[in-house]
Amino acid sequence: TEQKPPPVIRRCSTREELFSIARLRFMVYVGELKRSNYSYVDNIREILEDPLDHVEGCANIYVPHPEERSDAWREFLTRTAKDSSVDSGEATEAVEKDDFVPSIGCVRVHVPSPAKYTPLFSMSDEAVWGKELASDPTHFAFFSRVMVPAQLRGRAYGCTEALYGAAAVTARKMGARFLLLNCTPALAPLYEAKGFLRYKPAAWDEGMGLQVPMV
């Protein structure tokens, strides 16, 4: 089997790049997961973008599309769908209406972690982190919005692993010592397999439900 080259990883710096990321989020969150009721889903433009994309200390990291032309992109989706359980018709449905080409993988890192998550992660609790760490929020990075289309997940393409690695490196370069995330209990084993640890009990969030803080 021919080995595929490693994915290209970029950090978002333009509005166009952010739009490609927001379109991919929509394709995964709404198209695959059917979560169209999320408050920041834009069903008109078919994007998922929220205020945390525009705060200081935000780094949106992504894998750009491998094809520059929209017709080549559709051919690429159809071709890769043959190697997965995703129907090729479903794979192209999200891009048939226009000529926009989304990214094929994304993740978001914040340093410091947004203040709204301080209670969930107990970032200011000296009993959890110690006096030195709890006194400085820049020690903590927040990992979120990691998404890869179903047909491109797994080791064959390497997008998921590359994004996890890039998020960790980016967080460290931005000065953080710990990479934090929250997820549902059902997803916690997936993140544990990636090296994350549960360090405190799950907590109820009014907007997200039961969440497991991980580091």
# chains A, B, ... in the order shown; residues from 1 in each chain; ligands from 1

$ residues_around --residues "Glu56 (chain A)" --least-positions-apart "2" --cutoff "10 Å" --atoms "only C-alpha atoms" --output "PyMOL selection string"
chain A and resi 52-54+58-59+110-112+114

$ write_last_selection --atoms "all heavy atoms" --output "mmCIF file, in the first residue's frame"
data_model
loop_
_atom_site.group_PDB
_atom_site.id
_atom_site.type_symbol
_atom_site.label_atom_id
_atom_site.label_comp_id
_atom_site.auth_asym_id
_atom_site.auth_seq_id
_atom_site.Cartn_x
_atom_site.Cartn_y
_atom_site.Cartn_z
ATOM 1 N N LEU A 52 -15.573 32.884 20.621
ATOM 2 C CA LEU A 52 -14.239 32.484 21.062
ATOM 3 C C LEU A 52 -13.247 32.364 19.908
ATOM 4 O O LEU A 52 -12.040 32.267 20.128
ATOM 5 C CB LEU A 52 -14.307 31.156 21.826
ATOM 6 C CG LEU A 52 -14.948 31.207 23.216
ATOM 7 C CD1 LEU A 52 -14.940 29.829 23.854
ATOM 8 C CD2 LEU A 52 -14.229 32.216 24.111
ATOM 9 N N ASP A 53 -13.746 32.396 18.678
ATOM 10 C CA ASP A 53 -12.840 32.424 17.515
ATOM 11 C C ASP A 53 -12.153 33.776 17.373
ATOM 12 O O ASP A 53 -11.204 33.909 16.590
ATOM 13 C CB ASP A 53 -13.608 32.126 16.220
ATOM 14 C CG ASP A 53 -13.982 30.670 16.096
ATOM 15 O OD1 ASP A 53 -13.116 29.809 16.352
ATOM 16 O OD2 ASP A 53 -15.146 30.385 15.729
ATOM 17 N N HIS A 54 -12.625 34.782 18.108
ATOM 18 C CA HIS A 54 -12.145 36.146 17.892
ATOM 19 C C HIS A 54 -11.557 36.794 19.142
ATOM 20 O O HIS A 54 -11.346 38.002 19.157
ATOM 21 C CB HIS A 54 -13.300 37.003 17.357
ATOM 22 C CG HIS A 54 -13.902 36.452 16.099
ATOM 23 N ND1 HIS A 54 -13.319 36.605 14.865
ATOM 24 C CD2 HIS A 54 -15.025 35.708 15.908
ATOM 25 C CE1 HIS A 54 -14.070 35.993 13.950
ATOM 26 N NE2 HIS A 54 -15.101 35.443 14.561
ATOM 27 N N CYS A 58 -6.419 33.097 20.819
ATOM 28 C CA CYS A 58 -7.050 31.994 20.095
ATOM 29 C C CYS A 58 -6.187 31.581 18.912
ATOM 30 O O CYS A 58 -5.750 32.426 18.124
ATOM 31 C CB CYS A 58 -8.432 32.399 19.604
ATOM 32 S SG CYS A 58 -9.213 31.167 18.536
ATOM 33 N N ALA A 59 -5.944 30.283 18.785
ATOM 34 C CA ALA A 59 -5.225 29.740 17.626
ATOM 35 C C ALA A 59 -6.090 28.664 16.985
ATOM 36 O O ALA A 59 -6.338 27.620 17.582
ATOM 37 C CB ALA A 59 -3.888 29.157 18.053
ATOM 38 N N HIS A 110 -6.767 27.804 22.968
ATOM 39 C CA HIS A 110 -6.748 29.123 23.612
ATOM 40 C C HIS A 110 -5.714 29.143 24.727
ATOM 41 O O HIS A 110 -5.672 28.230 25.552
ATOM 42 C CB HIS A 110 -8.113 29.451 24.238
ATOM 43 C CG HIS A 110 -9.171 29.819 23.262
ATOM 44 N ND1 HIS A 110 -10.014 28.892 22.708
ATOM 45 C CD2 HIS A 110 -9.531 31.022 22.743
ATOM 46 C CE1 HIS A 110 -10.853 29.510 21.884
ATOM 47 N NE2 HIS A 110 -10.586 30.795 21.893
ATOM 48 N N VAL A 111 -4.888 30.163 24.729
ATOM 49 C CA VAL A 111 -3.971 30.415 25.845
ATOM 50 C C VAL A 111 -4.046 31.901 26.175
ATOM 51 O O VAL A 111 -3.708 32.734 25.335
ATOM 52 C CB VAL A 111 -2.514 30.035 25.491
ATOM 53 C CG1 VAL A 111 -1.600 30.328 26.684
ATOM 54 C CG2 VAL A 111 -2.403 28.560 25.099
ATOM 55 N N PRO A 112 -4.498 32.249 27.388
ATOM 56 C CA PRO A 112 -4.969 31.345 28.431
ATOM 57 C C PRO A 112 -6.340 30.759 28.098
ATOM 58 O O PRO A 112 -7.034 31.246 27.206
ATOM 59 C CB PRO A 112 -5.055 32.258 29.654
ATOM 60 C CG PRO A 112 -5.370 33.605 29.073
ATOM 61 C CD PRO A 112 -4.583 33.673 27.794
ATOM 62 N N PRO A 114 -10.171 30.315 28.233
ATOM 63 C CA PRO A 114 -11.201 31.325 28.489
ATOM 64 C C PRO A 114 -11.685 31.297 29.932
ATOM 65 O O PRO A 114 -11.897 30.240 30.521
ATOM 66 C CB PRO A 114 -12.313 30.939 27.514
ATOM 67 C CG PRO A 114 -11.593 30.250 26.389
ATOM 68 C CD PRO A 114 -10.485 29.490 27.051
#

$ residues_around --residues "Arg145 (chain A)" --least-positions-apart "4" --cutoff "8 Å" --atoms "only C-alpha atoms" --output "list of chain:residue names"
A:Arg25, A:Cys106, A:Val107, A:Arg108

$ residues_around --residues "Asn182 (chain A)" --least-positions-apart "4" --cutoff "9 Å" --atoms "only C-alpha atoms" --output "PDB file with all heavy atoms, in the first residue's frame"
ATOM      1  N   LEU A 120     -15.113  25.078  35.785  1.00  0.00           N
ATOM      2  CA  LEU A 120     -15.147  23.693  35.313  1.00  0.00           C
ATOM      3  C   LEU A 120     -13.801  23.006  35.513  1.00  0.00           C
ATOM      4  O   LEU A 120     -13.724  21.856  35.961  1.00  0.00           O
ATOM      5  CB  LEU A 120     -15.547  23.651  33.838  1.00  0.00           C
ATOM      6  CG  LEU A 120     -15.536  22.268  33.174  1.00  0.00           C
ATOM      7  CD1 LEU A 120     -16.571  21.354  33.825  1.00  0.00           C
ATOM      8  CD2 LEU A 120     -15.803  22.396  31.667  1.00  0.00           C
ATOM      9  N   PHE A 121     -12.719  23.713  35.183  1.00  0.00           N
ATOM     10  CA  PHE A 121     -11.380  23.128  35.268  1.00  0.00           C
ATOM     11  C   PHE A 121     -10.690  23.392  36.608  1.00  0.00           C
ATOM     12  O   PHE A 121      -9.574  22.915  36.823  1.00  0.00           O
ATOM     13  CB  PHE A 121     -10.507  23.660  34.136  1.00  0.00           C
ATOM     14  CG  PHE A 121     -10.950  23.234  32.762  1.00  0.00           C
ATOM     15  CD1 PHE A 121     -11.278  24.183  31.800  1.00  0.00           C
ATOM     16  CD2 PHE A 121     -11.041  21.896  32.432  1.00  0.00           C
ATOM     17  CE1 PHE A 121     -11.685  23.789  30.534  1.00  0.00           C
ATOM     18  CE2 PHE A 121     -11.452  21.492  31.166  1.00  0.00           C
ATOM     19  CZ  PHE A 121     -11.772  22.440  30.208  1.00  0.00           C
ATOM     20  N   PHE A 142      -6.693  25.730  26.424  1.00  0.00           N
ATOM     21  CA  PHE A 142      -7.996  25.078  26.239  1.00  0.00           C
ATOM     22  C   PHE A 142      -8.057  24.481  24.841  1.00  0.00           C
ATOM     23  O   PHE A 142      -7.863  25.178  23.841  1.00  0.00           O
ATOM     24  CB  PHE A 142      -9.118  26.092  26.441  1.00  0.00           C
ATOM     25  CG  PHE A 142     -10.495  25.525  26.260  1.00  0.00           C
ATOM     26  CD1 PHE A 142     -10.905  24.398  26.935  1.00  0.00           C
ATOM     27  CD2 PHE A 142     -11.399  26.161  25.408  1.00  0.00           C
ATOM     28  CE1 PHE A 142     -12.184  23.877  26.768  1.00  0.00           C
ATOM     29  CE2 PHE A 142     -12.683  25.657  25.236  1.00  0.00           C
ATOM     30  CZ  PHE A 142     -13.072  24.518  25.920  1.00  0.00           C
ATOM     31  N   PHE A 143      -8.340  23.188  24.764  1.00  0.00           N
ATOM     32  CA  PHE A 143      -8.387  22.422  23.524  1.00  0.00           C
ATOM     33  C   PHE A 143      -9.851  22.181  23.158  1.00  0.00           C
ATOM     34  O   PHE A 143     -10.604  21.634  23.963  1.00  0.00           O
ATOM     35  CB  PHE A 143      -7.651  21.100  23.782  1.00  0.00           C
ATOM     36  CG  PHE A 143      -7.708  20.077  22.681  1.00  0.00           C
ATOM     37  CD1 PHE A 143      -6.655  19.938  21.792  1.00  0.00           C
ATOM     38  CD2 PHE A 143      -8.785  19.207  22.574  1.00  0.00           C
ATOM     39  CE1 PHE A 143      -6.680  18.965  20.811  1.00  0.00           C
ATOM     40  CE2 PHE A 143      -8.820  18.229  21.589  1.00  0.00           C
ATOM     41  CZ  PHE A 143      -7.762  18.110  20.702  1.00  0.00           C
ATOM     42  N   SER A 144     -10.270  22.588  21.954  1.00  0.00           N
ATOM     43  CA  SER A 144     -11.679  22.420  21.579  1.00  0.00           C
ATOM     44  C   SER A 144     -11.836  22.390  20.066  1.00  0.00           C
ATOM     45  O   SER A 144     -10.896  22.627  19.307  1.00  0.00           O
ATOM     46  CB  SER A 144     -12.527  23.565  22.156  1.00  0.00           C
ATOM     47  OG  SER A 144     -12.160  24.811  21.577  1.00  0.00           O
ATOM     48  N   ALA A 188     -14.921  10.394  26.938  1.00  0.00           N
ATOM     49  CA  ALA A 188     -13.705  10.416  27.754  1.00  0.00           C
ATOM     50  C   ALA A 188     -12.722   9.306  27.403  1.00  0.00           C
ATOM     51  O   ALA A 188     -11.506   9.557  27.310  1.00  0.00           O
ATOM     52  CB  ALA A 188     -14.077  10.368  29.233  1.00  0.00           C
ATOM     53  N   GLN A 211     -20.175  17.064  32.033  1.00  0.00           N
ATOM     54  CA  GLN A 211     -18.885  17.241  31.376  1.00  0.00           C
ATOM     55  C   GLN A 211     -17.764  16.671  32.235  1.00  0.00           C
ATOM     56  O   GLN A 211     -17.755  16.823  33.454  1.00  0.00           O
ATOM     57  CB  GLN A 211     -18.630  18.710  31.093  1.00  0.00           C
ATOM     58  CG  GLN A 211     -19.574  19.342  30.100  1.00  0.00           C
ATOM     59  CD  GLN A 211     -19.403  18.767  28.695  1.00  0.00           C
ATOM     60  OE1 GLN A 211     -18.319  18.839  28.118  1.00  0.00           O
ATOM     61  NE2 GLN A 211     -20.466  18.197  28.150  1.00  0.00           N
ATOM     62  N   VAL A 212     -16.799  16.044  31.570  1.00  0.00           N
ATOM     63  CA  VAL A 212     -15.625  15.492  32.232  1.00  0.00           C
ATOM     64  C   VAL A 212     -14.439  16.408  31.950  1.00  0.00           C
ATOM     65  O   VAL A 212     -14.023  16.547  30.794  1.00  0.00           O
ATOM     66  CB  VAL A 212     -15.308  14.077  31.730  1.00  0.00           C
ATOM     67  CG1 VAL A 212     -14.050  13.539  32.429  1.00  0.00           C
ATOM     68  CG2 VAL A 212     -16.485  13.142  31.967  1.00  0.00           C
ATOM     69  N   PRO A 213     -13.852  17.060  32.962  1.00  0.00           N
ATOM     70  CA  PRO A 213     -12.647  17.850  32.738  1.00  0.00           C
ATOM     71  C   PRO A 213     -11.446  16.927  32.588  1.00  0.00           C
ATOM     72  O   PRO A 213     -11.281  15.975  33.357  1.00  0.00           O
ATOM     73  CB  PRO A 213     -12.536  18.698  34.030  1.00  0.00           C
ATOM     74  CG  PRO A 213     -13.855  18.540  34.728  1.00  0.00           C
ATOM     75  CD  PRO A 213     -14.368  17.198  34.332  1.00  0.00           C
ATOM     76  N   MET A 214     -10.601  17.206  31.595  1.00  0.00           N
ATOM     77  CA  MET A 214      -9.444  16.353  31.338  1.00  0.00           C
ATOM     78  C   MET A 214      -8.211  17.224  31.074  1.00  0.00           C
ATOM     79  O   MET A 214      -8.325  18.380  30.681  1.00  0.00           O
ATOM     80  CB  MET A 214      -9.690  15.423  30.159  1.00  0.00           C
ATOM     81  CG  MET A 214     -10.953  14.575  30.295  1.00  0.00           C
ATOM     82  SD  MET A 214     -11.147  13.318  29.012  1.00  0.00           S
ATOM     83  CE  MET A 214      -9.944  12.098  29.565  1.00  0.00           C
ATOM     84  N   VAL A 215      -7.036  16.639  31.289  1.00  0.00           N
ATOM     85  CA  VAL A 215      -5.782  17.350  31.086  1.00  0.00           C
ATOM     86  C   VAL A 215      -4.766  16.443  30.411  1.00  0.00           C
ATOM     87  O   VAL A 215      -4.774  15.238  30.633  1.00  0.00           O
ATOM     88  CB  VAL A 215      -5.221  17.876  32.429  1.00  0.00           C
ATOM     89  CG1 VAL A 215      -4.937  16.713  33.396  1.00  0.00           C
ATOM     90  CG2 VAL A 215      -3.987  18.717  32.225  1.00  0.00           C
TER      91      VAL A 215
END

$ residues_around --residues "Gly207 (chain A)" --least-positions-apart "2" --cutoff "12 Å" --atoms "only C-alpha atoms" --output "ChimeraX atom specification"
/A:37-39,203-205,209-211

$ write_last_selection --atoms "all heavy atoms" --output "PDB file, in the first residue's frame"
ATOM      1  N   ASN A  37     -29.334  22.511  16.480  1.00  0.00           N
ATOM      2  CA  ASN A  37     -29.929  23.449  17.431  1.00  0.00           C
ATOM      3  C   ASN A  37     -28.880  24.229  18.219  1.00  0.00           C
ATOM      4  O   ASN A  37     -29.222  25.012  19.099  1.00  0.00           O
ATOM      5  CB  ASN A  37     -30.849  22.710  18.396  1.00  0.00           C
ATOM      6  CG  ASN A  37     -30.098  21.667  19.226  1.00  0.00           C
ATOM      7  OD1 ASN A  37     -29.045  21.198  18.819  1.00  0.00           O
ATOM      8  ND2 ASN A  37     -30.665  21.283  20.357  1.00  0.00           N
ATOM      9  N   TYR A  38     -27.615  24.045  17.932  1.00  0.00           N
ATOM     10  CA  TYR A  38     -26.565  24.760  18.656  1.00  0.00           C
ATOM     11  C   TYR A  38     -26.673  26.249  18.354  1.00  0.00           C
ATOM     12  O   TYR A  38     -26.921  26.641  17.210  1.00  0.00           O
ATOM     13  CB  TYR A  38     -25.198  24.221  18.242  1.00  0.00           C
ATOM     14  CG  TYR A  38     -24.036  24.803  18.995  1.00  0.00           C
ATOM     15  CD1 TYR A  38     -23.871  24.578  20.347  1.00  0.00           C
ATOM     16  CD2 TYR A  38     -23.087  25.585  18.341  1.00  0.00           C
ATOM     17  CE1 TYR A  38     -22.802  25.107  21.048  1.00  0.00           C
ATOM     18  CE2 TYR A  38     -22.004  26.119  19.023  1.00  0.00           C
ATOM     19  CZ  TYR A  38     -21.868  25.872  20.373  1.00  0.00           C
ATOM     20  OH  TYR A  38     -20.806  26.414  21.058  1.00  0.00           O
ATOM     21  N   SER A  39     -26.481  27.091  19.366  1.00  0.00           N
ATOM     22  CA  SER A  39     -26.787  28.519  19.241  1.00  0.00           C
ATOM     23  C   SER A  39     -25.943  29.238  18.187  1.00  0.00           C
ATOM     24  O   SER A  39     -26.393  30.237  17.630  1.00  0.00           O
ATOM     25  CB  SER A  39     -26.617  29.208  20.602  1.00  0.00           C
ATOM     26  OG  SER A  39     -25.311  29.032  21.098  1.00  0.00           O
ATOM     27  N   ALA A 203     -18.737  17.245  36.030  1.00  0.00           N
ATOM     28  CA  ALA A 203     -19.548  18.335  36.578  1.00  0.00           C
ATOM     29  C   ALA A 203     -20.682  18.668  35.602  1.00  0.00           C
ATOM     30  O   ALA A 203     -20.521  18.536  34.388  1.00  0.00           O
ATOM     31  CB  ALA A 203     -18.678  19.567  36.823  1.00  0.00           C
ATOM     32  N   TRP A 204     -21.790  19.123  36.151  1.00  0.00           N
ATOM     33  CA  TRP A 204     -22.945  19.469  35.313  1.00  0.00           C
ATOM     34  C   TRP A 204     -22.817  20.896  34.813  1.00  0.00           C
ATOM     35  O   TRP A 204     -22.542  21.819  35.571  1.00  0.00           O
ATOM     36  CB  TRP A 204     -24.236  19.312  36.084  1.00  0.00           C
ATOM     37  CG  TRP A 204     -25.452  19.649  35.254  1.00  0.00           C
ATOM     38  CD1 TRP A 204     -26.146  20.818  35.215  1.00  0.00           C
ATOM     39  CD2 TRP A 204     -26.076  18.783  34.301  1.00  0.00           C
ATOM     40  NE1 TRP A 204     -27.167  20.751  34.310  1.00  0.00           N
ATOM     41  CE2 TRP A 204     -27.150  19.501  33.721  1.00  0.00           C
ATOM     42  CE3 TRP A 204     -25.832  17.470  33.877  1.00  0.00           C
ATOM     43  CZ2 TRP A 204     -27.979  18.950  32.754  1.00  0.00           C
ATOM     44  CZ3 TRP A 204     -26.660  16.926  32.907  1.00  0.00           C
ATOM     45  CH2 TRP A 204     -27.721  17.650  32.359  1.00  0.00           C
ATOM     46  N   ASP A 205     -23.005  21.095  33.513  1.00  0.00           N
ATOM     47  CA  ASP A 205     -23.020  22.421  32.902  1.00  0.00           C
ATOM     48  C   ASP A 205     -24.391  22.634  32.273  1.00  0.00           C
ATOM     49  O   ASP A 205     -24.884  21.754  31.543  1.00  0.00           O
ATOM     50  CB  ASP A 205     -21.924  22.530  31.836  1.00  0.00           C
ATOM     51  CG  ASP A 205     -21.899  23.890  31.171  1.00  0.00           C
ATOM     52  OD1 ASP A 205     -22.595  24.066  30.148  1.00  0.00           O
ATOM     53  OD2 ASP A 205     -21.181  24.781  31.661  1.00  0.00           O
ATOM     54  N   GLY A 209     -24.494  19.999  29.581  1.00  0.00           N
ATOM     55  CA  GLY A 209     -24.819  18.757  30.258  1.00  0.00           C
ATOM     56  C   GLY A 209     -23.643  18.278  31.100  1.00  0.00           C
ATOM     57  O   GLY A 209     -22.763  19.059  31.488  1.00  0.00           O
ATOM     58  N   LEU A 210     -23.589  16.989  31.374  1.00  0.00           N
ATOM     59  CA  LEU A 210     -22.524  16.424  32.204  1.00  0.00           C
ATOM     60  C   LEU A 210     -21.194  16.442  31.430  1.00  0.00           C
ATOM     61  O   LEU A 210     -21.113  15.913  30.325  1.00  0.00           O
ATOM     62  CB  LEU A 210     -22.879  14.992  32.603  1.00  0.00           C
ATOM     63  CG  LEU A 210     -21.991  14.350  33.678  1.00  0.00           C
ATOM     64  CD1 LEU A 210     -22.081  15.129  34.994  1.00  0.00           C
ATOM     65  CD2 LEU A 210     -22.381  12.891  33.890  1.00  0.00           C
ATOM     66  N   GLN A 211     -20.175  17.064  32.033  1.00  0.00           N
ATOM     67  CA  GLN A 211     -18.885  17.241  31.376  1.00  0.00           C
ATOM     68  C   GLN A 211     -17.764  16.671  32.235  1.00  0.00           C
ATOM     69  O   GLN A 211     -17.755  16.823  33.454  1.00  0.00           O
ATOM     70  CB  GLN A 211     -18.630  18.710  31.093  1.00  0.00           C
ATOM     71  CG  GLN A 211     -19.574  19.342  30.100  1.00  0.00           C
ATOM     72  CD  GLN A 211     -19.403  18.767  28.695  1.00  0.00           C
ATOM     73  OE1 GLN A 211     -18.319  18.839  28.118  1.00  0.00           O
ATOM     74  NE2 GLN A 211     -20.466  18.197  28.150  1.00  0.00           N
TER      75      GLN A 211
END

$ residues_around --residues "region 117-119 of chain A" --least-positions-apart "5" --cutoff "9 Å" --atoms "only C-alpha atoms" --output "VMD selection string"
chain A and resid 124 to 125 137 142

$ atom_distance --atom1 "CA of Tyr40 (chain A)" --atom2 "CA of Tyr199 (chain A)"
29.5 Å

$ closest_residue --among "A:Arg23, A:Lys116, A:Arg45, A:Lys173" --to "Ser103 (chain A)" --atoms "only C-alpha atoms"
A:Arg23

$ residues_around --residues "Arg10 (chain A)" --least-positions-apart "2" --cutoff "8 Å" --atoms "only C-alpha atoms" --output "list in words"
Val8, Cys12, Ile61, Tyr62, Val63 and Pro64 of chain A

$ write_last_selection --atoms "C-alpha atoms" --output "compact mmCIF listing (two decimals), in the first residue's frame"
# COMPACT_ATOMS: atom_id res chain seq x y z
CA VAL A 8 -0.15 19.87 5.94
CA CYS A 12 -5.45 30.33 10.58
CA ILE A 61 -5.23 25.15 13.47
CA TYR A 62 -6.34 23.31 10.36
CA VAL A 63 -5.51 20.90 7.55
CA PRO A 64 -6.17 22.66 4.24

$ select_by_dssp --residues "region 137-172 of chain A" --states "helix (DSSP H, G or I)" --output "PyMOL selection string"
chain A and resi 137-139+150-152+159-172

$ atom_distance --atom1 "CA of Ser122 (chain A)" --atom2 "CA of Val109 (chain A)"
18.2 Å

$ closest_residue --among "A:Leu197, A:Arg177, A:Val30, A:Ile21" --to "Ala134 (chain A)" --atoms "only C-alpha atoms"
A:Arg177

$ atom_distance --atom1 "CA of Glu16 (chain A)" --atom2 "CA of Gly105 (chain A)"
15.2 Å

$ decode --residues "region 154-173 of chain A" --atoms "N, CA, C and O atoms" --output "compact mmCIF listing (two decimals), in the first residue's frame"
# COMPACT_ATOMS: atom_id res chain seq x y z
N GLY A 154 -8.94 8.24 11.17
CA GLY A 154 -8.14 7.02 11.22
C GLY A 154 -6.71 7.25 10.78
O GLY A 154 -6.33 8.30 10.25
N ARG A 155 -5.89 6.24 10.99
CA ARG A 155 -4.46 6.35 10.73
C ARG A 155 -4.10 6.43 9.24
O ARG A 155 -3.02 6.87 8.88
N ALA A 156 -5.01 5.98 8.38
CA ALA A 156 -4.70 5.97 6.96
C ALA A 156 -4.39 7.36 6.42
O ALA A 156 -3.53 7.53 5.55
N TYR A 157 -5.07 8.37 6.94
CA TYR A 157 -4.86 9.74 6.47
C TYR A 157 -4.06 10.58 7.45
O TYR A 157 -3.43 11.56 7.06
N GLY A 158 -4.10 10.26 8.71
CA GLY A 158 -3.25 10.92 9.70
C GLY A 158 -3.70 12.30 10.12
O GLY A 158 -2.98 12.97 10.88
N CYS A 159 -4.88 12.75 9.68
CA CYS A 159 -5.32 14.11 10.02
C CYS A 159 -5.54 14.28 11.51
O CYS A 159 -5.13 15.28 12.10
N THR A 160 -6.21 13.31 12.13
CA THR A 160 -6.55 13.43 13.55
C THR A 160 -5.29 13.49 14.41
O THR A 160 -5.15 14.38 15.26
N GLU A 161 -4.37 12.57 14.18
CA GLU A 161 -3.14 12.53 14.97
C GLU A 161 -2.33 13.81 14.77
O GLU A 161 -1.75 14.34 15.71
N ALA A 162 -2.28 14.29 13.53
CA ALA A 162 -1.52 15.50 13.23
C ALA A 162 -2.10 16.71 13.96
O ALA A 162 -1.36 17.57 14.46
N LEU A 163 -3.42 16.79 14.04
CA LEU A 163 -4.07 17.91 14.72
C LEU A 163 -3.83 17.87 16.23
O LEU A 163 -3.58 18.91 16.85
N TYR A 164 -3.89 16.68 16.82
CA TYR A 164 -3.60 16.56 18.25
C TYR A 164 -2.17 17.02 18.54
O TYR A 164 -1.92 17.77 19.50
N GLY A 165 -1.25 16.56 17.72
CA GLY A 165 0.14 16.94 17.92
C GLY A 165 0.37 18.42 17.74
O GLY A 165 1.08 19.06 18.54
N ALA A 166 -0.26 19.00 16.71
CA ALA A 166 -0.10 20.42 16.45
C ALA A 166 -0.70 21.26 17.57
O ALA A 166 -0.15 22.31 17.94
N ALA A 167 -1.82 20.80 18.15
CA ALA A 167 -2.44 21.53 19.26
C ALA A 167 -1.52 21.55 20.47
O ALA A 167 -1.35 22.60 21.12
N ALA A 168 -0.90 20.42 20.77
CA ALA A 168 0.01 20.36 21.92
C ALA A 168 1.23 21.24 21.72
O ALA A 168 1.65 21.97 22.63
N VAL A 169 1.79 21.21 20.52
CA VAL A 169 2.97 22.03 20.22
C VAL A 169 2.62 23.51 20.27
O VAL A 169 3.36 24.33 20.82
N THR A 170 1.48 23.87 19.68
CA THR A 170 1.05 25.27 19.67
C THR A 170 0.82 25.78 21.08
O THR A 170 1.24 26.89 21.43
N ALA A 171 0.17 24.98 21.92
CA ALA A 171 -0.09 25.39 23.30
C ALA A 171 1.23 25.64 24.04
O ALA A 171 1.37 26.62 24.78
N ARG A 172 2.20 24.76 23.84
CA ARG A 172 3.48 24.93 24.51
C ARG A 172 4.21 26.19 24.01
O ARG A 172 4.80 26.94 24.80
N LYS A 173 4.16 26.42 22.70
CA LYS A 173 4.80 27.62 22.14
C LYS A 173 4.14 28.90 22.65
O LYS A 173 4.80 29.94 22.73
